[in-house]
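Undergrad: Input: one structure, supplied below.
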2 protein chains.
Amino acid sequence: MTLPLRVGIAGLGTVGAGLVRILTEESAVFAARSGRPIAISAVSARDAGKARGFKLPGRFEPNPVALADAEDVDVVVELMGGEGDPAYALVKRALQRGKAVVTANKALLSRHGMELARLAEDARVPLNFEAAVAGGIPIIKAIREALVANRVQRLYGILNGTCNFILTEMTKSGRAFGDVLKEAQARGYAEADPAFDVGGLDAAHKLSLLAALAFGTEIDLPGIHVEGIETVSSEDIQFADELGYRIKLLGIARATDHGIEQRVHPTMVPSESAVARIEGVTNAVMIEAAPVGNLAFEGPGAGAGATASAVAADIADIARGSFNLPFIVPTGRLKGRQSAPIARHMGMSYVRLRVRDKAGVMAAITAILAKHEVSIESLLQHGRAPGEAVSIVMTMHECPEATMRAALAEIGALESVLALPNFIRIESFS
Amino acid sequence: MTLPLRVGIAGLGTVGAGLVRILTEESAVFAARSGRPIAISAVSARDAGKARGFKLPGRFEPNPVALADAEDVDVVVELMGGEGDPAYALVKRALQRGKAVVTANKALLSRHGMELARLAEDARVPLNFEAAVAGGIPIIKAIREALVANRVQRLYGILNGTCNFILTEMTKSGRAFGDVLKEAQARGYAEADPAFDVGGLDAAHKLSLLAALAFGTEIDLPGIHVEGIETVSSEDIQFADELGYRIKLLGIARATDHGIEQRVHPTMVPSESAVARIEGVTNAVMIEAAPVGNLAFEGPGAGAGATASAVAADIADIARGSFNLPFIVPTGRLKGRQSAPIARHMGMSYVRLRVRDKAGVMAAITAILAKHEVSIESLLQHGRAPGEAVSIVMTMHECPEATMRAALAEIGALESVLALPNFIRIESFS
């Protein structure tokens with residue numbers, strides 16, 4: 001057998017520890033399958049002495065960035081996270097020194113991915129990031145390699161397990177958002193500061209990478225329209241159920257006449273659709289492409305085992321000498337940012353209104369919709385309370401988002417409408 | 001750019017034609033993504049002059065096996081099908097000549113896969129067969145590369161679209177097997193001689209390849225227990241529905257204490273399980289592995305576009321210089337055949353009996369089950385017809401298949417039992 005591939009790991013948190021376990025406990029199997037032994041030559045972490053349940057598997061390097069220069073490191077594995085230094089400095093320097101890099105860091109790539117891809121390309125070394133999106137689901141490999149003969153039309157998925165857990169629990173139990181969020185935090189599914197997850201930014205980071213791969217465009221995080229799930233009420237979930245929908249936080253990227261539409265927002269999906277059925281912390285990515293047709297990938301989006309499995313596969317690809325450009329084609333051949341503005345989005349939608357239950361309210365609302373040529377598909381009202389506040393919901397046939405927004409602004413200004421309309425996009429699947 | 005990779009295609013049926021379209025109509029995109037132009041230098045088919053909607057893209061070679069020796073062919077793409085010659089002769093000779101091979105031929109690999117893998121290994125050339133299993137779903141790549149750090153515990157799936165179409169239609173419409181089979185034939189989903197599909201052998205071919213990859217064992221087609229869907233009646237489907245199950249033809253491979261269990265048979269799966277929801281000609285593969293967890297892959301299992309997409313990806317991998325051993329580890333390191341006998345299978349089951357409705361029948365049946373220590377989970381009878389024939393169904397708690405079979409033999413011999421019991425295995429998912 002050939003010389004071992006020497007790995008330097010920066011970050012020994014949950015995922016780093018999971019990776020160490022794979023590379024040490026399963027080393028013979030892993031070497032046989034990778035065609036080459038893998039050795040952990042160096043590790044870096046905040047605290048060398050912390051109890052981790054295993055002996056440090058290589059020499060300890062206090063400065064993670066020094067792994068980039070280490071003579072005994074062939075592949076740098078970055079598992080520290082964070083879009084800035086030291087992760088950025090480490091990955092950049094490693095690529096500049098011609099070392100292969102494996103990273104699980106979507107925030108870093110979403111921000112600096114184009115620059116880092118260019119460095120990898122110049123040095124002809126791999127920059128692998130399977131674990132950065134959808135944990136244990138091999139979606140990067142699928143798009144990079146398996147779908148290379150396809151044109152992607154739409155890609156969508158559940159990219160944040162925390163949000164999906166919260167929405168699933170709200171749906172099952174009827175509980176409110178804040179209540180379920182607390183449970184998610186207690187279970188370790190949500191961070192103490194949950195804004196990054198529930199606000200949709202984590203999903204947007206992942207979507208930016210998938211969209212660049214799928215559509216051959218530069219990463220365009222600012223071009224993604226992002227809404228979180230904080231505004232989804234248990235009332236919305238109940239109405240959705242009555243209308244035959246589930247509410248999911250989806251990341252969606254789609255080729256349109258106005259560019260690549262990229263959006264992350266609470267979405268109503270038909271209850272019988274595959275994506276509606278994905279529950280709890282599970283992730284899913286669905287791809288519609290030609291000539292292959294529709295594909296679906298489902299699996300754990302986070303956790304030590306799932307993420308470490310993806311990192312280890314990236315390392316094995318390097319051990320086997322497999323080389324891919326990070327974004328399939330040279331960065332110079334990627335199309336520029338061409339995100340379609342959300343105002344041009346065409347789609348169905350759901351609107352919930354709080355109105356005073358009195359004669360003429362519905363007439364005023366429907367007149368505004370008619371003026372904007374927005375066509376109502378269905379209308380629901382629960383109970384009657386003359387003179388009191390009631391909720392009504394409507395679903396609208398497909399229309400441009402700008403039109404819908406203009407109509408909603410007028411409706412929201414009506415005296416009998418008591419709060420700003422709550423608006424949720426409906427995604428249809430053929 | 002480097003010199004083109006020169007492809008010789010044997011077989012210009014549906015898939016071959018789909019591949020030609022990808023390689024000619026999308027050649028610039030495909031070259032950019034593969035890092036190298038791909039040229040079709042030669043093709044072979046039964047009839048050079050047949051109308052195919054495109055001009056022959058390379059020189060015509062009347063003898064397919066001659067592609068193995070052709071100076072202008074770097075990669076042989078075998079799309080003729082059939083486990084024997086000329087497919088076998090072509091693939092064997094191409095590998096012996098040190099040419100990379102891409103094939104969609106599960107029958108060939110299921111029979112000769114070990115010998116062909118050894119030849120590929122000796123020559124250090126790729127033998128890629130993504131299109132041989134589950135059409136457009138990149139399941140071979142997932143197991144070969146993405147799950148390389150995992151131990152698979154169970155793998156199961158819907159591997160034959162014809163059977164799934166028939167069972168789906170029987171479920172939706174209540175129609176009988178023969179009636180729906182005719183529709184499948186009219187739609188082009190089923191062959192004129194459907195035995196290969198509905199008898200389960202096509203699914204068994206695919207399962208044999210997935211099991212070898214997932215468990216690191218030699219291909220063992222004879223070790224697969226195969227039952228087809230011909231014996232599934234609309235009555236079974238209706239009872240299944242009442243009991244909360246769907247009937248699917250599953251291919252299942254599982255690590256047990258007695259070896260690798262490999263089986264293809266009609267299976268009752270909980271209605272709310274992911275695999276129950278796969279309808280029509282769609283395929284699905286589910287994998288339970290550690291440390292990654294549970295993954296699901298769904299997509300089109302056949303058709304020109306899906307299959308050609310998989311073949312093209314295999315060619316692109318070769319263009320990029322990616323090299324994998326066909327079965328991940330060298331053939332000499334694969335574990336020998338170690339299929340667990342079906343008699344050792346432990347599982348729940350469903351039994352339908354035709355009995356004469358008279359006093360004492362149930363007592364006799366339950367006494368036999370009690371003697372064998374088989375425990376009834378539920379029991380259903382539709383209607384009453386004293387002295388006449390009625391159907392009763394029972395589901396049984398988990399027990400060894402040998403025990404169940406012995407009990408059923410005794411039950412079948414009872415005078416009041418009018419036909420051999422119909423037995424369907426129930427698969428449980430955590």
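To be explicit about the labels: the chains of the structure tokens are called A, B, and onward in the order shown, and within each one the residues are counted from 1, while ligands get numbers from 1 in the order they are shown.
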Set the cut-off to 7 Å and count only C-alpha atoms: what are the residues of chain A that reach chain B? Output as a compact mmCIF listing (two decimals) with C-alpha atoms, in the first residue's frame.

TA:
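Dumped everything to out-v5.txt:
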# COMPACT_ATOMS: atom_id res chain seq x y z
CA ILE A 22 -14.26 7.19 11.95
CA PHE A 30 -11.60 3.00 5.55
CA ALA A 32 -9.21 -0.49 2.08
CA ARG A 33 -12.11 1.44 0.60
CA GLY A 136 -25.28 13.25 5.53
CA ILE A 137 -27.10 13.61 2.19
CA PRO A 138 -24.56 13.41 -0.65
CA ALA A 142 -24.98 14.33 -6.82
CA GLU A 145 -20.91 14.53 -10.61
CA ALA A 146 -24.10 12.53 -11.07
CA LEU A 147 -26.15 15.27 -12.76
CA VAL A 148 -23.35 16.61 -14.93
CA ALA A 149 -25.31 15.85 -18.11
CA ASN A 150 -28.43 17.69 -16.92
CA PRO A 291 -33.15 14.76 -19.07
CA VAL A 292 -33.12 12.88 -15.76
CA GLY A 293 -36.51 13.96 -14.39
CA ASN A 294 -37.34 14.47 -10.71
CA LEU A 295 -35.01 13.24 -7.99
CA ALA A 296 -35.41 13.38 -4.21
CA PHE A 297 -32.74 12.97 -1.55
CA GLU A 298 -33.60 12.70 2.15
CA GLY A 299 -31.57 12.22 5.28
CA PRO A 300 -30.14 13.66 8.46
CA GLY A 305 -22.35 10.96 12.63
CA ALA A 306 -24.04 12.30 9.52
CA SER A 309 -19.68 10.69 7.30
CA ALA A 310 -19.78 13.40 4.64
CA ALA A 312 -14.85 11.38 5.59
CA ALA A 313 -16.22 10.75 2.08
CA SER A 322 -10.40 12.18 -7.57
CA ILE A 328 -17.86 22.00 -11.64
CA VAL A 329 -16.61 24.46 -14.26

Undergrad: Could you pull out the strand (DSSP E) residues of segment 64-123 of chain A, going by DSSP on the backbone, and write them as a PyMOL selection string?

TA: chain A and resi 75-78+100-103

Undergrad: Write the selection just made, keeping N, CA and C atoms, as a PDB file, in the first residue's frame?

TA:
ATOM      1  N   VAL A  75      -3.803  17.234   3.712  1.00  0.00           N
ATOM      2  CA  VAL A  75      -5.185  17.712   3.561  1.00  0.00           C
ATOM      3  C   VAL A  75      -5.583  18.460   4.824  1.00  0.00           C
ATOM      4  N   VAL A  76      -6.077  19.664   4.638  1.00  0.00           N
ATOM      5  CA  VAL A  76      -6.570  20.434   5.778  1.00  0.00           C
ATOM      6  C   VAL A  76      -8.080  20.243   5.879  1.00  0.00           C
ATOM      7  N   VAL A  77      -8.544  19.824   7.072  1.00  0.00           N
ATOM      8  CA  VAL A  77      -9.976  19.655   7.308  1.00  0.00           C
ATOM      9  C   VAL A  77     -10.429  20.747   8.265  1.00  0.00           C
ATOM     10  N   GLU A  78     -11.252  21.642   7.748  1.00  0.00           N
ATOM     11  CA  GLU A  78     -11.667  22.807   8.539  1.00  0.00           C
ATOM     12  C   GLU A  78     -13.053  22.558   9.112  1.00  0.00           C
ATOM     13  N   ALA A 100      -4.945  20.244  -0.396  1.00  0.00           N
ATOM     14  CA  ALA A 100      -6.377  19.981  -0.539  1.00  0.00           C
ATOM     15  C   ALA A 100      -7.090  20.386   0.741  1.00  0.00           C
ATOM     16  N   VAL A 101      -8.329  20.837   0.591  1.00  0.00           N
ATOM     17  CA  VAL A 101      -9.117  21.273   1.738  1.00  0.00           C
ATOM     18  C   VAL A 101     -10.477  20.578   1.742  1.00  0.00           C
ATOM     19  N   VAL A 102     -10.885  20.159   2.943  1.00  0.00           N
ATOM     20  CA  VAL A 102     -12.251  19.685   3.155  1.00  0.00           C
ATOM     21  C   VAL A 102     -12.851  20.567   4.235  1.00  0.00           C
ATOM     22  N   THR A 103     -14.047  21.093   3.978  1.00  0.00           N
ATOM     23  CA  THR A 103     -14.669  21.954   4.973  1.00  0.00           C
ATOM     24  C   THR A 103     -16.165  21.689   5.036  1.00  0.00           C
TER      25      THR A 103
END

Undergrad: Name all residues at most 6 Å from segment 220-235 of chain B (count only C-alpha atoms; drop same-chain ones fewer than 2 positions away) and give them as a ChimeraX atom specification.

TA: /B:174,176,198-200,208,237-238,262-266,337,339

Undergrad: Name the residues of segment 98-201 of chain B that fall into alpha helix (DSSP H) according to DSSP on the backbone, using the chain letters and numbers of this document, as a VMD selection string.

TA: chain B and resid 106 to 123 139 to 141 161 to 173 177 to 187 195 to 198 201

Undergrad: For the residues selected in the previous step, produce a file with C-alpha atoms as a short mmCIF file (atom, residue, chain, number, x, y, z; two decimals), in the first residue's frame.

TA:
data_model
loop_
_atom_site.label_atom_id
_atom_site.label_comp_id
_atom_site.auth_asym_id
_atom_site.auth_seq_id
_atom_site.Cartn_x
_atom_site.Cartn_y
_atom_site.Cartn_z
CA LYS B 106 -27.52 -5.45 -14.60
CA ALA B 107 -28.11 -8.97 -15.95
CA LEU B 108 -24.54 -9.14 -17.22
CA LEU B 109 -23.04 -7.79 -13.99
CA SER B 110 -25.24 -9.88 -11.78
CA ARG B 111 -23.93 -12.98 -13.56
CA HIS B 112 -20.36 -12.05 -14.50
CA GLY B 113 -19.70 -9.04 -12.26
CA MET B 114 -16.95 -10.61 -10.16
CA GLU B 115 -14.95 -11.76 -13.17
CA LEU B 116 -15.36 -8.42 -14.92
CA ALA B 117 -14.47 -6.47 -11.77
CA ARG B 118 -11.26 -8.51 -11.49
CA LEU B 119 -10.34 -7.66 -15.07
CA ALA B 120 -11.00 -3.94 -14.46
CA GLU B 121 -8.92 -4.09 -11.30
CA ASP B 122 -6.01 -5.82 -13.03
CA ALA B 123 -6.05 -3.26 -15.84
CA ILE B 139 -27.24 5.14 -5.91
CA ILE B 140 -24.07 3.35 -7.04
CA LYS B 141 -22.06 6.54 -6.59
CA GLY B 161 -40.92 0.37 -11.94
CA THR B 162 -43.21 -2.05 -13.78
CA CYS B 163 -44.13 -3.87 -10.58
CA ASN B 164 -44.59 -0.64 -8.69
CA PHE B 165 -46.83 0.72 -11.42
CA ILE B 166 -48.97 -2.43 -11.33
CA LEU B 167 -49.26 -2.47 -7.53
CA THR B 168 -50.01 1.26 -7.42
CA GLU B 169 -52.78 0.89 -9.98
CA MET B 170 -54.21 -2.17 -8.23
CA THR B 171 -54.27 -0.16 -4.99
CA LYS B 172 -55.88 2.91 -6.53
CA SER B 173 -58.47 1.22 -8.69
CA PHE B 177 -53.32 -8.04 -11.40
CA GLY B 178 -53.90 -9.37 -14.94
CA ASP B 179 -56.04 -6.41 -15.90
CA VAL B 180 -53.46 -3.84 -14.78
CA LEU B 181 -50.61 -5.81 -16.33
CA LYS B 182 -52.34 -5.43 -19.70
CA GLU B 183 -52.50 -1.67 -19.20
CA ALA B 184 -48.81 -1.58 -18.26
CA GLN B 185 -48.01 -3.44 -21.47
CA ALA B 186 -50.14 -1.04 -23.51
CA ARG B 187 -48.33 1.92 -21.93
CA ALA B 195 -42.08 -12.65 -16.40
CA PHE B 196 -38.69 -11.05 -15.90
CA ASP B 197 -40.20 -7.96 -14.27
CA VAL B 198 -43.27 -9.26 -12.43
CA LEU B 201 -35.80 -11.32 -11.30
#

Undergrad: With only C-alpha atoms as the atoms that count, which of A:Glu25, A:Asp47, A:Glu427, A:Asp74 lies nearest to Gly8 of chain A?

TA: A:Asp74

Undergrad: What's the separation between atom CA of Ala204 of chain B and atom CA of Gly251 of chain B, in Å to one decimal place?

TA: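 One can read the atom CA of Ala204 of chain B to atom CA of Gly251 of chain B distance as 6.8 Å.
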
Undergrad: Quick check, in Å to one decimal: how far apart do atom CA of Ile426 of chain A and atom CA of Glu261 of chain A lie?

TA: 14.9 Å

Undergrad: Given only C-alpha atoms as the basis, pick out the residue of A:Arg36, A:Leu243, A:Gly58, A:Ala10 nearest to Ala89 of chain A.

TA: A:Ala10

Undergrad: Expressed in Å to a single decimal, how great is the separation between atom CA of Glu377 of chain A and atom CA of Met394 of chain A?

TA: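 Atom CA of Met394 of chain A lies at a distance of 7.2 Å from atom CA of Glu377 of chain A.
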
Undergrad: Residues within 6 Å of Arg254 of chain A, please, as a list in words. Count only C-alpha atoms; anything in the same chain fewer than 6 positions from it doesn't count.

TA: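 My reading of the contact set: Gln153, Arg154, Ile260 and Glu261 of chain A.
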